[in-house]
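Engineer: One structure, pasted below without further comment.
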Amino acid sequence: MTLKQDAEEGENSLQEEMREPLMQEVKTSADEENGYAAAKQTHESSEGHQWMVYLSTFVAVCGSYVFGACAGYSSPTQSAIMEDLSLSLTEYSLFGSVLTFGAMVGAITIGPISDFFGRKGAMRISSCFGIAGWLGIYFAKGPVHLDIGRLATGYGMGAFSYVVPVFISEIAPRNLRGALTTLNQVMICCGVSVSFIIGTVLTWRVLALTGLIPCVIVLVGLFFIPESPRWLAKIGRRKDFEAALQKLRGKDADISEEEAEIQVHTSLL
């Protein structure tokens with residue numbers, strides 16, 4: 001009797017051991033499927049909330065377009081400006097080259113400005129210089145006013161060259177950061193090309209007015225997009241930092257991990 005019970009117990013134990021790996025395998029497979037489904041749902045949810053990141057990037061890269069428009073302006077307008085304002089070749093050469101001096105000053109000074117006033121504040125200042133410069137060129141009656149306008153657009157151009165890629169890199173999620181930052185260079189090239197092409201059919205004053213359009217888009221668009229969360233974290237505005245990050249990632253997104261990462265990074269600066 002004892003031998004029979006021992007045999008039955010051994011058989012039952014063997015069956016349990018054979019069944020256990022199978023149950024674990026099924027359970028593991030189910031867990032993997034659930035994890036994949038959850039990850040997919042999270043990804044789709046995050047994709048659905050990227051519109052604010054895209055909008056913010058669009059507003060910012062309009063500043064990059066201003067950069068290109070400034071650089072491409074002087075090429076198709078040379079003969080018309082020299083004829084209308086009776087400029088010598090030397091005077092027009094000064095008009096063309098003073099842009100780079102303004103850009104140098106803008107690039108040097110906009111760093112501290114963006115740290116003090118924020119990335120949005122820096123882009124507002126850049127847009128104002130761009131608008132003032134284009135209007136100065138449009139209303140110019142002589143070489144002095146023309147050069148002052150060109151110098152102002154140069155300042156805005158240099159300022160945008162710094163603050164736009166910084167702003168985009170600070171608002172973009174990790175998986176989109178490279179692609180969105182590349183748009184800065186793309187829009188610069190587009191600005192140069194479009195300015196040259198339409199400059200062959202428009203008068204130089206009207207072409208200056210077209211340069212106002214992206215500046216106005218930036219100036220107005222900044223009212224509808226959040227400030228850089230990283231800058232807000234850097235200056236200690238925690239509530240504004242959390243609100244800006246949540247707005248960029250979507251109201252249902254879990255930002256706790258990224259929030260902690262940004263806090264650690266900014267604390268090391």
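Order determines the names: the first chain of the structure tokens is A, the second B, and so forth; residues in each chain are numbered 1 upward, and ligands are numbered 1 upward as they are shown.
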List as a list of chain:residue names the protein and nucleic acid residues near His265 of chain A, meaning an atom at most 10 Å away when only C-alpha atoms are counted, but skip any in the same chain fewer than 5 places from it.

Structural biologist: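 Using only C-alpha atoms, the neighbours found are A:Arg230, A:Ala233, A:Lys234, A:Glu259, A:Ala260.
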
Engineer: Excluding Ser79 of chain A and any residue of its chain fewer than 2 positions from it, enumerate the residues within 12 Å of it, using only C-alpha atoms, and give them as a PyMOL selection string.

Structural biologist: chain A and resi 74-77+81-89+92-93+199-200+203-204

Engineer: Need to verify the contact set: Leu146 of chain A, 12 Å, only C-alpha atoms, exclusion of same-chain residues closer than 5 positions in sequence. Can you return it as a count of residues only?

Structural biologist: 29

Engineer: Using only C-alpha atoms, find the one residue out of A:Ser127, A:Thr266, A:Ser228, A:Ser193 that sits nearest to Val166 of chain A.

Structural biologist: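 Of the candidates, the smallest distance to Val166 of chain A is held by A:Ser228.
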
Engineer: Quick one, how far is atom CA of Ala60 of chain A from atom CA of Gly156 of chain A?

Structural biologist: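 Between these atoms lies a distance of 13.1 Å.
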
Engineer: Excluding same-chain residues fewer than 3 positions from Ala159 of chain A, what lies within 12 Å of it counting only C-alpha atoms, as number ranges by chain?

Structural biologist: A: 63-64, 66-67, 100, 102-114, 119-130, 152-156, 162-166

Engineer: Would you mind reading off the distance between atom CA of Cys190 of chain A and atom CA of Gly72 of chain A, one decimal, in Å?

Structural biologist: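 Between atom CA of Cys190 of chain A and atom CA of Gly72 of chain A the gap is 9.9 Å.
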
Engineer: Find the distance between atom CA of Ser267 of chain A and atom CA of Gln246 of chain A and write it in Å to one decimal.

Structural biologist: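 Computing the Euclidean distance for atom CA of Ser267 of chain A and atom CA of Gln246 of chain A yields 20.2 Å.
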
Engineer: Of the residues A:Ala71, A:Leu248, A:Leu176, A:Val186, which is the one nearest to Ile225 of chain A, using only C-alpha atoms?

Structural biologist: A:Leu248
